[in-house]
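Asker: File query.txt follows (compact mmCIF, C-alpha atoms and all ligand atoms):
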```txt
# COMPACT_ATOMS: atom_id res chain seq x y z
CA MET V 1 -13.80 -2.72 -40.91
CA PHE V 2 -11.89 -2.80 -37.67
CA ARG V 3 -10.38 0.55 -36.98
CA SER V 4 -7.53 0.46 -34.54
CA PRO V 5 -8.24 2.83 -31.66
CA GLN V 6 -5.61 5.40 -31.02
CA LYS V 7 -3.36 4.43 -28.17
CA PRO V 8 -3.91 6.95 -25.40
CA PHE V 9 -1.09 9.00 -24.01
CA ILE V 10 -1.07 10.00 -20.39
CA ALA V 11 1.50 12.69 -19.82
CA PRO V 12 4.17 11.96 -17.24
CA SER V 13 4.07 14.12 -14.17
CA ARG V 14 7.03 16.08 -12.88
CA ASN V 15 9.34 14.05 -10.62
CA GLU V 16 7.62 10.88 -11.72
CA SER V 17 8.68 7.86 -9.66
CA PHE V 18 9.19 4.41 -11.13
CA ALA V 19 5.89 3.29 -9.55
CA ASP V 20 4.02 6.20 -11.10
CA MET V 21 5.61 5.48 -14.46
CA ILE V 22 4.56 1.81 -14.36
CA TRP V 23 1.09 2.83 -13.26
CA ARG V 24 0.80 5.46 -16.01
CA LYS V 25 1.90 3.02 -18.70
CA ARG V 26 -0.41 0.32 -17.39
CA ALA V 27 -3.33 2.75 -17.16
CA ALA V 28 -2.71 3.76 -20.77
CA SER V 29 -2.53 0.19 -22.04
CA ALA V 30 -5.48 -0.99 -19.86
CA SER V 31 -7.74 1.71 -21.23
CA TYR V 32 -6.37 0.98 -24.72
CA ALA V 33 -7.20 -2.71 -24.35
CA ASP V 34 -10.67 -2.01 -22.94
CA HIS V 35 -11.34 0.49 -25.69
CA ALA V 36 -10.12 -1.87 -28.41
CA VAL V 37 -12.46 -4.61 -27.20
CA GLU V 38 -15.32 -2.14 -27.02
CA GLU V 39 -14.66 -1.16 -30.64
CA LEU V 40 -14.70 -4.78 -31.73
CA SER V 41 -17.78 -5.93 -29.90
CA GLY V 42 -19.71 -2.72 -29.50
CA GLU V 43 -19.95 -3.22 -25.77
CA CYS V 44 -17.65 -3.83 -22.85
CA PRO V 45 -17.60 -7.58 -22.26
CA GLU V 46 -18.09 -9.08 -18.83
CA GLY V 47 -15.01 -8.93 -16.65
CA LEU V 48 -13.33 -6.14 -18.55
CA HIS V 49 -15.20 -3.26 -16.96
CA MET V 50 -13.33 -1.59 -14.15
CA GLU V 51 -14.90 -3.41 -11.22
CA PRO V 52 -12.65 -3.08 -8.19
CA ILE V 53 -10.56 -6.14 -7.40
CA ILE V 54 -11.04 -5.52 -3.66
CA LYS V 55 -14.03 -3.65 -2.33
CA THR V 56 -15.11 -3.18 1.26
CA VAL V 57 -18.28 -1.39 2.30
CA ASN V 58 -18.51 -0.12 5.88
CA LEU V 59 -16.44 -3.08 6.99
CA THR V 60 -16.50 -3.22 10.79
CA LYS V 61 -14.98 -5.67 13.24
CA SER V 62 -15.14 -5.26 16.99
CA TYR V 63 -13.40 -7.64 19.33
CA GLY V 64 -15.95 -7.64 22.13
CA LYS V 65 -15.60 -4.26 23.66
CA SER V 66 -12.35 -3.38 21.98
CA ARG V 67 -12.23 -1.67 18.62
CA GLY V 68 -10.88 -3.47 15.61
CA ILE V 69 -11.95 -1.53 12.51
CA GLU V 70 -14.92 0.76 11.87
CA ASP V 71 -16.66 1.52 8.59
CA VAL V 72 -13.67 0.75 6.42
CA ASN V 73 -14.40 1.56 2.77
CA LEU V 74 -11.68 0.52 0.37
CA SER V 75 -11.58 0.16 -3.36
CA VAL V 76 -8.55 -1.42 -5.02
CA ASN V 77 -8.52 -1.44 -8.80
CA ARG V 78 -7.06 -3.91 -11.23
CA GLY V 79 -3.35 -3.28 -11.64
CA ASP V 80 -3.01 -1.16 -8.51
CA ILE V 81 -0.02 -1.46 -6.24
CA PHE V 82 -1.95 -0.39 -3.20
CA GLY V 83 -0.20 0.59 0.04
CA PHE V 84 -2.12 0.19 3.28
CA LEU V 85 -0.49 2.33 5.94
CA GLY V 86 -1.13 3.05 9.56
CA PRO V 87 0.45 3.10 13.00
CA ASN V 88 0.54 0.06 15.32
CA GLY V 89 -2.92 -1.13 16.29
CA ALA V 90 -4.59 0.92 13.56
CA GLY V 91 -6.45 -2.05 12.05
CA LYS V 92 -4.35 -3.16 9.06
CA SER V 93 -4.12 -6.85 9.99
CA THR V 94 -7.76 -6.92 11.09
CA THR V 95 -8.83 -5.61 7.67
CA ILE V 96 -6.60 -8.08 5.85
CA ARG V 97 -7.73 -11.06 7.95
CA THR V 98 -11.34 -10.16 7.30
CA LEU V 99 -10.66 -10.02 3.56
CA LEU V 100 -9.24 -13.53 3.74
CA ASP V 101 -12.13 -14.78 5.91
CA PHE V 102 -9.85 -15.72 8.80
CA ILE V 103 -12.07 -13.56 10.98
CA ARG V 104 -15.67 -12.57 10.39
CA PRO V 105 -16.79 -8.94 10.27
CA THR V 106 -19.25 -7.60 12.84
CA SER V 107 -20.98 -5.68 10.06
CA GLY V 108 -20.39 -4.41 6.54
CA SER V 109 -19.20 -6.43 3.57
CA ALA V 110 -16.08 -7.25 1.57
CA SER V 111 -15.61 -8.65 -1.90
CA ILE V 112 -12.64 -9.73 -4.00
CA PHE V 113 -12.95 -10.21 -7.79
CA GLY V 114 -16.64 -9.35 -7.28
CA LEU V 115 -17.02 -12.48 -5.10
CA ASP V 116 -18.12 -12.46 -1.48
CA CYS V 117 -15.16 -12.77 0.90
CA GLN V 118 -17.10 -15.09 3.22
CA LYS V 119 -19.29 -17.20 0.95
CA ASP V 120 -16.76 -17.54 -1.86
CA SER V 121 -13.59 -17.60 0.19
CA VAL V 122 -12.31 -20.95 -1.17
CA GLN V 123 -12.73 -19.81 -4.76
CA ILE V 124 -11.07 -16.46 -3.98
CA LYS V 125 -8.08 -18.05 -2.24
CA LYS V 126 -7.24 -20.08 -5.34
CA ARG V 127 -6.53 -16.85 -7.20
CA ILE V 128 -4.56 -14.97 -4.57
CA GLY V 129 -1.17 -15.08 -2.95
CA TYR V 130 -1.04 -14.09 0.70
CA ILE V 131 1.68 -13.22 3.20
CA PRO V 132 0.40 -12.99 6.76
CA GLY V 133 1.95 -10.52 9.21
CA ASP V 134 2.50 -13.03 11.99
CA PHE V 135 3.99 -15.74 9.88
CA GLY V 136 3.71 -18.90 11.98
CA LEU V 137 6.03 -21.84 12.35
CA TYR V 138 5.49 -24.94 10.34
CA GLY V 139 8.29 -26.63 12.26
CA ASN V 140 9.29 -29.87 10.64
CA MET V 141 8.13 -29.09 7.14
CA SER V 142 10.92 -28.33 4.69
CA GLY V 143 10.70 -25.20 2.59
CA TRP V 144 9.63 -27.34 -0.36
CA LYS V 145 6.92 -29.15 1.63
CA PHE V 146 5.65 -25.85 2.89
CA LEU V 147 5.34 -24.52 -0.66
CA GLU V 148 3.67 -27.73 -1.80
CA TYR V 149 1.21 -27.55 1.09
CA PHE V 150 0.23 -23.95 0.33
CA GLY V 151 0.27 -24.70 -3.37
CA LYS V 152 -2.47 -27.28 -2.80
CA VAL V 153 -4.61 -24.75 -0.96
CA ARG V 154 -4.06 -22.40 -3.87
CA GLY V 155 -4.93 -24.98 -6.50
CA GLY V 156 -1.47 -26.11 -7.51
CA TYR V 157 2.07 -24.86 -7.52
CA ASP V 158 4.70 -24.40 -10.11
CA ALA V 159 8.00 -25.92 -8.96
CA GLU V 160 9.93 -24.11 -11.69
CA ASP V 161 8.50 -20.79 -10.59
CA ALA V 162 9.33 -21.55 -6.94
CA ARG V 163 12.86 -22.61 -7.87
CA ALA V 164 13.45 -19.40 -9.83
CA TYR V 165 12.23 -17.20 -6.99
CA ALA V 166 14.30 -19.19 -4.46
CA ALA V 167 17.42 -18.59 -6.54
CA ARG V 168 16.62 -14.93 -6.83
CA LEU V 169 16.03 -14.53 -3.10
CA ASP V 170 19.05 -16.70 -2.39
CA ILE V 171 17.32 -19.25 -0.18
CA ARG V 172 17.62 -23.04 0.02
CA LEU V 173 14.30 -24.79 0.21
CA ASP V 174 15.50 -28.18 1.49
CA ARG V 175 15.91 -26.98 5.08
CA LYS V 176 13.23 -27.31 7.76
CA MET V 177 11.10 -24.29 8.49
CA LYS V 178 12.15 -24.29 12.14
CA GLU V 179 15.79 -23.97 11.09
CA TYR V 180 15.21 -20.82 9.10
CA SER V 181 15.94 -17.36 10.48
CA ARG V 182 13.12 -14.81 10.48
CA GLY V 183 14.23 -13.26 7.21
CA MET V 184 14.58 -16.71 5.62
CA ARG V 185 11.03 -17.64 6.65
CA GLN V 186 9.82 -14.38 5.17
CA LYS V 187 11.54 -15.29 1.90
CA VAL V 188 9.71 -18.64 1.80
CA ALA V 189 6.45 -16.79 2.52
CA ILE V 190 7.18 -14.46 -0.40
CA ILE V 191 7.85 -17.37 -2.78
CA GLN V 192 4.62 -18.98 -1.62
CA ALA V 193 2.65 -15.80 -2.36
CA PHE V 194 4.28 -15.00 -5.71
CA MET V 195 4.41 -18.45 -7.29
CA ASN V 196 1.62 -19.78 -9.50
CA ASN V 197 0.70 -16.46 -11.12
CA PRO V 198 -1.91 -15.11 -8.70
CA ASP V 199 -4.34 -12.42 -9.87
CA LEU V 200 -3.95 -10.63 -6.55
CA ILE V 201 -1.25 -10.63 -3.89
CA ILE V 202 -2.18 -9.50 -0.37
CA MET V 203 0.72 -8.92 2.01
CA ASP V 204 0.75 -7.84 5.64
CA GLU V 205 4.04 -6.01 6.24
CA PRO V 206 5.99 -8.14 3.80
CA THR V 207 9.36 -6.41 4.17
CA ASN V 208 9.57 -7.35 7.86
CA GLY V 209 12.82 -9.12 8.55
CA LEU V 210 14.31 -8.63 5.08
CA ASP V 211 17.75 -7.10 4.79
CA PRO V 212 18.07 -3.98 2.58
CA LEU V 213 19.49 -5.89 -0.39
CA VAL V 214 16.66 -8.42 -0.35
CA GLN V 215 14.19 -5.58 0.06
CA GLN V 216 15.46 -4.18 -3.24
CA THR V 217 14.99 -7.52 -4.97
CA PHE V 218 11.54 -7.82 -3.44
CA MET V 219 10.54 -4.34 -4.68
CA ASP V 220 11.66 -5.37 -8.17
CA MET V 221 9.55 -8.52 -7.89
CA ILE V 222 6.51 -6.44 -6.94
CA ARG V 223 7.01 -4.10 -9.90
CA GLU V 224 7.43 -7.02 -12.29
CA LYS V 225 4.31 -8.79 -11.02
CA ALA V 226 2.31 -5.58 -11.33
CA ALA V 227 3.61 -5.06 -14.85
CA GLU V 228 2.32 -8.57 -15.66
CA GLY V 229 -1.15 -7.50 -14.48
CA THR V 230 -1.23 -8.77 -10.89
CA THR V 231 -2.91 -6.46 -8.39
CA ILE V 232 -0.93 -5.88 -5.20
CA PHE V 233 -2.31 -4.91 -1.80
CA MET V 234 0.29 -4.49 0.93
CA SER V 235 0.35 -3.07 4.41
CA SER V 236 3.55 -1.49 5.59
CA HIS V 237 5.21 0.67 8.18
CA VAL V 238 8.08 1.41 5.86
CA LEU V 239 7.02 4.63 4.18
CA SER V 240 9.91 4.67 1.75
CA ASP V 241 8.89 1.22 0.42
CA VAL V 242 5.40 2.48 -0.22
CA GLU V 243 6.77 5.60 -1.87
CA LYS V 244 8.95 3.48 -4.14
CA VAL V 245 6.35 1.08 -5.49
CA CYS V 246 2.76 2.07 -4.70
CA ASN V 247 0.49 4.07 -6.98
CA ARG V 248 -2.34 4.30 -4.43
CA VAL V 249 -2.36 4.49 -0.65
CA ALA V 250 -4.89 4.36 2.14
CA ILE V 251 -3.97 5.49 5.61
CA ILE V 252 -5.84 3.85 8.48
CA LYS V 253 -5.85 5.38 11.94
CA GLY V 254 -7.80 4.34 15.02
CA GLY V 255 -9.67 1.74 12.96
CA ARG V 256 -10.90 4.26 10.40
CA ILE V 257 -9.63 5.25 6.96
CA ALA V 258 -8.07 8.71 7.26
CA THR V 259 -7.42 9.09 3.55
CA GLU V 260 -7.29 7.06 0.35
CA GLU V 261 -5.53 8.57 -2.61
CA LYS V 262 -3.32 8.22 -5.60
CA VAL V 263 0.26 8.76 -4.49
CA GLU V 264 0.53 11.23 -7.37
CA ASP V 265 -2.39 13.31 -5.99
CA LEU V 266 -1.06 13.12 -2.46
CA ARG V 267 2.19 14.58 -3.75
CA LYS V 268 0.37 17.34 -5.63
CA LYS V 269 -1.54 18.30 -2.53
CA ALA V 270 1.65 18.44 -0.50
CA GLY V 271 2.46 21.81 0.89
CA ASN V 272 5.82 23.31 1.69
CA VAL V 273 7.85 23.15 4.83
CA VAL V 274 9.33 26.48 5.84
CA ARG V 275 12.05 26.49 8.48
CA VAL V 276 13.09 29.90 9.65
CA LYS V 277 15.41 31.14 12.38
CA PHE V 278 14.79 34.71 13.39
CA ALA V 279 17.50 37.00 14.70
CA GLU V 280 14.92 38.44 17.09
CA GLU V 281 12.09 37.06 19.23
CA VAL V 282 9.01 36.40 17.10
CA ASP V 283 5.70 35.11 18.41
CA PRO V 284 4.62 31.99 16.40
CA ALA V 285 1.03 33.20 16.83
CA ALA V 286 1.81 35.73 14.08
CA PHE V 287 1.74 32.78 11.64
CA ALA V 288 -1.50 31.27 12.89
CA MET V 289 -3.48 31.46 9.66
CA PRO V 290 -5.46 28.92 7.61
CA GLY V 291 -3.23 26.31 5.99
CA VAL V 292 -0.24 27.10 8.21
CA SER V 293 0.81 25.08 11.25
CA PRO V 294 3.79 26.60 13.05
CA VAL V 295 5.81 24.73 15.68
CA ARG V 296 9.03 25.67 17.45
CA GLN V 297 11.88 23.26 16.77
CA ASN V 298 15.50 23.62 17.96
CA GLY V 299 15.51 27.40 17.80
CA TYR V 300 13.70 27.39 14.44
CA LEU V 301 10.09 28.01 13.61
CA LYS V 302 8.93 25.12 11.44
CA MET V 303 5.78 25.63 9.42
CA THR V 304 3.85 23.26 7.20
CA VAL V 305 2.27 25.57 4.65
CA THR V 306 -0.60 24.34 2.46
CA ASP V 307 -2.16 27.77 1.92
CA ASN V 308 -1.35 31.47 2.41
CA MET V 309 2.33 31.17 1.43
CA GLU V 310 2.43 34.83 0.39
CA SER V 311 1.18 35.97 3.79
CA VAL V 312 3.73 33.73 5.48
CA LEU V 313 6.57 35.19 3.41
CA GLY V 314 5.19 38.69 4.04
CA GLU V 315 5.16 38.10 7.78
CA ILE V 316 8.69 36.63 7.71
CA SER V 317 10.01 39.65 5.83
CA ARG V 318 8.86 41.95 8.63
CA HIS V 319 11.52 40.43 10.90
CA LYS V 320 15.27 40.02 10.86
CA VAL V 321 16.01 36.52 9.52
CA ALA V 322 19.14 34.54 10.49
CA ASP V 323 18.43 31.42 8.41
CA ILE V 324 15.65 30.12 6.22
CA SER V 325 14.88 27.07 4.08
CA ILE V 326 11.82 26.08 2.10
CA HIS V 327 11.18 22.65 0.60
CA GLN V 328 8.22 20.75 -0.77
CA MET V 329 6.89 18.19 1.72
CA THR V 330 8.29 14.73 1.07
CA LEU V 331 5.87 11.85 0.94
CA GLU V 332 7.21 10.76 4.29
CA GLU V 333 6.35 14.17 5.78
CA ILE V 334 2.85 13.91 4.30
CA PHE V 335 2.38 10.48 5.86
CA MET V 336 3.60 11.74 9.22
CA HIS V 337 1.18 14.64 8.94
CA TYR V 338 -1.68 12.09 8.75
CA TYR V 339 -0.18 9.74 11.34
CA GLU V 340 0.10 12.58 13.83
CA GLY V 341 -3.48 13.62 13.35
CA GLY V 342 -3.32 16.50 10.89
CA LYS V 343 -5.11 16.47 7.56
N1 LIG V 401 -7.73 -10.99 18.73
C1 LIG V 401 -7.96 -9.76 19.17
N2 LIG V 401 -8.65 -9.54 20.31
C2 LIG V 401 -8.91 -8.29 20.77
N3 LIG V 401 -8.50 -7.16 20.15
C3 LIG V 401 -7.78 -7.32 19.01
C4 LIG V 401 -7.47 -8.60 18.47
N4 LIG V 401 -6.74 -8.44 17.34
C5 LIG V 401 -6.61 -7.10 17.19
N5 LIG V 401 -7.24 -6.42 18.18
C6 LIG V 401 -7.34 -4.97 18.33
O1 LIG V 401 -7.76 -4.41 17.09
C7 LIG V 401 -7.06 -3.21 16.82
C8 LIG V 401 -6.39 -3.33 15.45
O2 LIG V 401 -5.37 -4.30 15.51
P1 LIG V 401 -4.57 -4.79 14.22
O3 LIG V 401 -3.80 -6.00 14.60
O4 LIG V 401 -5.51 -4.88 13.09
O5 LIG V 401 -3.60 -3.53 14.00
P2 LIG V 401 -2.42 -3.32 12.93
O6 LIG V 401 -2.74 -2.06 12.19
O7 LIG V 401 -2.22 -4.55 12.14
O8 LIG V 401 -1.19 -3.02 13.89
P3 LIG V 401 0.37 -3.41 13.74
O9 LIG V 401 0.98 -2.33 12.91
O10 LIG V 401 0.86 -3.34 15.14
O11 LIG V 401 0.47 -4.77 13.13
C9 LIG V 401 -6.10 -2.98 17.97
O12 LIG V 401 -6.69 -2.06 18.85
C10 LIG V 401 -5.99 -4.34 18.63
O13 LIG V 401 -5.80 -4.21 20.02
MG MG V 402 -0.63 -5.90 11.95
```
Written as structure tokens, how would this file's structure read?
Answerer:
Amino acid sequence: MFRSPQKPFIAPSRNESFADMIWRKRAASASYADHAVEELSGECPEGLHMEPIIKTVNLTKSYGKSRGIEDVNLSVNRGDIFGFLGPNGAGKSTTIRTLLDFIRPTSGSASIFGLDCQKDSVQIKKRIGYIPGDFGLYGNMSGWKFLEYFGKVRGGYDAEDARAYAARLDIRLDRKMKEYSRGMRQKVAIIQAFMNNPDLIIMDEPTNGLDPLVQQTFMDMIREKAAEGTTIFMSSHVLSDVEKVCNRVAIIKGGRIATEEKVEDLRKKAGNVVRVKFAEEVDPAAFAMPGVSPVRQNGYLKMTVTDNMESVLGEISRHKVADISIHQMTLEEIFMHYYEGGK
């Protein structure tokens, strides 16, 4: 007799964000669904095992002599809202273009849905929505024509779906693409990527050009799509956007992946920031110990502390203190830590 498996419970973490909550609930129901099917059939059927949706192995692209990306290894799982971060020129667009087979890698490999990004690119594109970073002009096409055109590439489009998104993003689709402002074009690009229920949405800096109100709506749209089971992969410079919606992040720097982690784990690993103003002259070298990086800042000594907090506090207490504050690193501070070269 079929015995219903017990629905798993994954405990919420402290200060859980909305993105973490969605991820936690989805993780619980995904493993519940997988487990239930296993119980019924005795084995995990094809397609339900946790094969990554996007996988790159040592993906490398050099543009002649100049570096593009080097040995990029990424693994994006079903249901992830994956943030791909990095400074200008780091290699985000190069990685994304290689995934979509717009450019060919110099070496390494990439797959989406277990299919080869080069050989099976047509098949892959039918199941994904894509927003390019440098969204071109399709001059005389109206918004509608543009959606129809991309719909065909994607194996059809749902006019009702497009209409609903257009209303939500407050954009008229009967105007010509060349008449749209930058933000308006970005809205059409978003509709194009979200319509037709894709299994995966890949976006290169999608919030570019959107005003703050539309950004909110867009973040809601991402959360809703993810809750429906769509996997999201997005590059961004806007750290707060990533913090709001993503459950996993990879940071790329100088063409190489600097870190890839669950946002939750990144937060856990975060140290504290101690800002202290001494009433006497204190040599920062006194705080040069493992896990502590002291810098002078506007009359304060600012220290990122990931280890040896007791020693730091001990050292501080040996001096006369005028002002002190301690706070846990924000996600933005963690990102900056990686951007600036620290680990
Ligand atoms: N067509 C090209 N020819 C030569 N070099 C290129 C080309 N496209 C990109 N590059 C180089 O590859 C590296 C990565 O560029 P890429 O566009 O992937 O960066 P990015 O992370 O998307 O940056 P941004 O945040 O500015 O969009 C850069 O050093 C860039 O100069
Ligand atoms: Mg780019």
Asker: Counting all atoms listed in the file, which residues in chain V sit no more than 6 Å from ligand MG 402 (chain V)? For each one, give the nearest pair of atoms and the distance in Å, sorted by chain then residue number, as CSV.
Answerer:
```
residue,atom,partner,partner_atom,distance
V:Lys92,CA,V:MG402,MG,5.4
V:Ser93,CA,V:MG402,MG,4.1
V:Gly133,CA,V:MG402,MG,6.0
```
Asker: Interatomic distance between CA of Ala90 in chain V and CA of Ile201 in chain V?
Answerer: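 Result for CA of Ala90 in chain V versus CA of Ile201 in chain V: 21.2 Å, one decimal.
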Asker: Near Gly151 in chain V, within 12 Å and counting all atoms listed in the file, which residues show up once chain neighbours fewer than 4 positions away are dropped, as a list in words?
Answerer: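 Close residues of Gly151 in chain V: Lys125, Lys126, Arg127, Ile128, Gly129, Tyr130, Trp144, Lys145, Phe146, Leu147, Gly155, Gly156, Tyr157, Asp158, Ala159, Asp161, Ala162, Ala189, Ile191, Gln192, Ala193, Phe194, Met195, Asn196, Asn197 and Pro198 of chain V.
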Asker: Show which residues sit within 9 Å of Asn308 in chain V, as a list in words. Count all atoms listed in the file, and ignore same-chain residues fewer than 4 positions away.
Answerer: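 These residues fall inside the cut-off: Met289, Pro290, Gly291, Val292, Val312 and Leu313 of chain V.
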Asker: I'd like to know which of V:Gly314, V:Pro52, V:Gly86, V:Gly108 is closest to Ser235 in chain V, using all atoms listed in the file.
Answerer: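 Of all the options, V:Gly86 lies closest to Ser235 in chain V.
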Asker: Write out as a Markdown table a residue-level contact list of chain V versus ligand LIG 401 (chain V) with cut-off 9 Å: for each qualifying residue the closest pair of atoms and the distance in Å to one decimal, counting all atoms listed in the file, rows sorted by chain and residue number upward.
Answerer:
```
| residue | atom | partner | partner_atom | distance |
| --- | --- | --- | --- | --- |
| V:Lys61 | CA | V:LIG401 | O1 | 8.3 |
| V:Ser62 | CA | V:LIG401 | O1 | 7.4 |
| V:Tyr63 | CA | V:LIG401 | C2 | 4.8 |
| V:Gly64 | CA | V:LIG401 | C2 | 7.2 |
| V:Lys65 | CA | V:LIG401 | C2 | 8.3 |
| V:Ser66 | CA | V:LIG401 | N3 | 5.7 |
| V:Arg67 | CA | V:LIG401 | O1 | 5.5 |
| V:Gly68 | CA | V:LIG401 | O1 | 3.6 |
| V:Ile69 | CA | V:LIG401 | C8 | 6.5 |
| V:Leu85 | CA | V:LIG401 | O6 | 8.0 |
| V:Gly86 | CA | V:LIG401 | O6 | 6.0 |
| V:Pro87 | CA | V:LIG401 | O9 | 5.5 |
| V:Asn88 | CA | V:LIG401 | O10 | 3.4 |
| V:Gly89 | CA | V:LIG401 | O5 | 3.4 |
| V:Ala90 | CA | V:LIG401 | O6 | 3.8 |
| V:Gly91 | CA | V:LIG401 | O4 | 3.2 |
| V:Lys92 | CA | V:LIG401 | O6 | 3.7 |
| V:Ser93 | CA | V:LIG401 | O7 | 3.7 |
| V:Thr94 | CA | V:LIG401 | O4 | 3.6 |
| V:Thr95 | CA | V:LIG401 | O4 | 6.4 |
| V:Ile96 | CA | V:LIG401 | O4 | 8.0 |
| V:Arg97 | CA | V:LIG401 | O4 | 8.3 |
| V:Gly133 | CA | V:LIG401 | O11 | 7.1 |
| V:Asp134 | CA | V:LIG401 | O11 | 8.6 |
| V:Asp204 | CA | V:LIG401 | O7 | 7.9 |
| V:Glu205 | CA | V:LIG401 | O11 | 7.9 |
| V:Ser235 | CA | V:LIG401 | O7 | 8.3 |
| V:Ser236 | CA | V:LIG401 | O9 | 7.8 |
| V:His237 | CA | V:LIG401 | O9 | 7.0 |
| V:Ile252 | CA | V:LIG401 | O6 | 7.6 |
| V:Lys253 | CA | V:LIG401 | O6 | 8.1 |
| V:Gly254 | CA | V:LIG401 | O12 | 7.5 |
| V:Gly255 | CA | V:LIG401 | C8 | 6.5 |
```
Asker: Tell me, in Å to one decimal, how far CA of Gln215 in chain V is from CA of Phe233 in chain V.
Answerer: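 Distance between the two atoms: 16.6 Å.
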Asker: Would you mind telling me which residue in V:Glu310, V:Glu333, V:Glu179, V:Glu70 lies nearest to Glu243 in chain V when using only C-alpha atoms?
Answerer: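 That would be V:Glu333, the residue with the smallest distance to Glu243 in chain V.
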Asker: How many Å lie between CA of Val72 in chain V and CA of Thr330 in chain V, rounded to one decimal?
Answerer: 26.6 Å
Asker: Determine the nearest neighbour of Leu115 in chain V from the options V:Ile54, V:Met309, V:Ile326, V:Ala164, counting only C-alpha atoms.
Answerer: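 Nearest candidate to Leu115 in chain V out of V:Ile54, V:Met309, V:Ile326, V:Ala164: V:Ile54.
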Asker: List as a VMD selection string: which residues have an atom within 6 Å of (3.2, -0.3, -2.7), counting all atoms listed in the file?
Answerer: chain V and resid 81 to 83 242 245 to 246
Asker: Considering only C-alpha atoms, return as a list in words whatever protein or nucleic-acid residues lie within 9 Å of Ser293 in chain V, sequence-local ones (same chain, fewer than 5 positions apart) excluded.
Answerer: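 The contact residues come out as Phe287, Ala288, Lys302, Met303, Thr304, Val305 and Thr306 of chain V.
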Asker: So, with all atoms listed in the file as the atoms that count, which of V:Ser181, V:Gln297, V:Gln123, V:Thr60 lies closest to Ile103 in chain V?
Answerer: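 That would be V:Thr60, the residue with the smallest distance to Ile103 in chain V.
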Asker: Could you check which residues have any atom within 12 Å of (25.6, 32.0, 11.9), counting only C-alpha atoms with coordinates taken straight from the file, and then list them as a PyMOL selection string?
Answerer: chain V and resi 277-279+321-324
Asker: If we count all atoms listed in the file and set the cut-off at 12 Å, which residues sit around Phe113 in chain V, ignoring sequence neighbours fewer than 3 positions away in its own chain? Please answer as a ChimeraX atom specification.
Answerer: /V:47-56,75-78,99,110,116-117,120-121,123-128,199-200,231
Asker: Reconstruct range 103-115 of chain V at the level of N, CA and C atoms, and format the result as a short mmCIF file (atom, residue, chain, number, x, y, z; two decimals), keeping the file's coordinate frame.
Answerer:
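And here is the file that came out, part.cif:
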```
data_model
loop_
_atom_site.label_atom_id
_atom_site.label_comp_id
_atom_site.auth_asym_id
_atom_site.auth_seq_id
_atom_site.Cartn_x
_atom_site.Cartn_y
_atom_site.Cartn_z
N ILE V 103 -11.15 -14.03 9.94
CA ILE V 103 -12.07 -13.56 10.98
C ILE V 103 -13.30 -12.99 10.27
N ARG V 104 -14.40 -13.03 10.98
CA ARG V 104 -15.67 -12.57 10.39
C ARG V 104 -15.98 -11.14 10.82
N PRO V 105 -16.47 -10.32 9.89
CA PRO V 105 -16.79 -8.94 10.27
C PRO V 105 -18.01 -8.87 11.18
N THR V 106 -18.07 -7.83 12.00
CA THR V 106 -19.25 -7.60 12.84
C THR V 106 -20.38 -7.05 11.97
N SER V 107 -20.01 -6.17 11.04
CA SER V 107 -20.98 -5.68 10.06
C SER V 107 -20.24 -5.18 8.82
N GLY V 108 -20.98 -4.86 7.80
CA GLY V 108 -20.39 -4.41 6.54
C GLY V 108 -20.06 -5.60 5.65
N SER V 109 -19.49 -5.32 4.49
CA SER V 109 -19.20 -6.43 3.57
C SER V 109 -17.87 -6.21 2.85
N ALA V 110 -17.35 -7.31 2.32
CA ALA V 110 -16.08 -7.25 1.57
C ALA V 110 -16.17 -8.19 0.39
N SER V 111 -15.65 -7.75 -0.74
CA SER V 111 -15.61 -8.65 -1.90
C SER V 111 -14.25 -8.56 -2.59
N ILE V 112 -13.87 -9.67 -3.20
CA ILE V 112 -12.64 -9.73 -4.00
C ILE V 112 -13.03 -10.36 -5.34
N PHE V 113 -12.57 -9.79 -6.42
CA PHE V 113 -12.95 -10.21 -7.79
C PHE V 113 -14.48 -10.21 -7.95
N GLY V 114 -15.18 -9.37 -7.19
CA GLY V 114 -16.64 -9.35 -7.28
C GLY V 114 -17.30 -10.51 -6.53
N LEU V 115 -16.47 -11.34 -5.85
CA LEU V 115 -17.02 -12.48 -5.10
C LEU V 115 -17.05 -12.14 -3.62
#
```
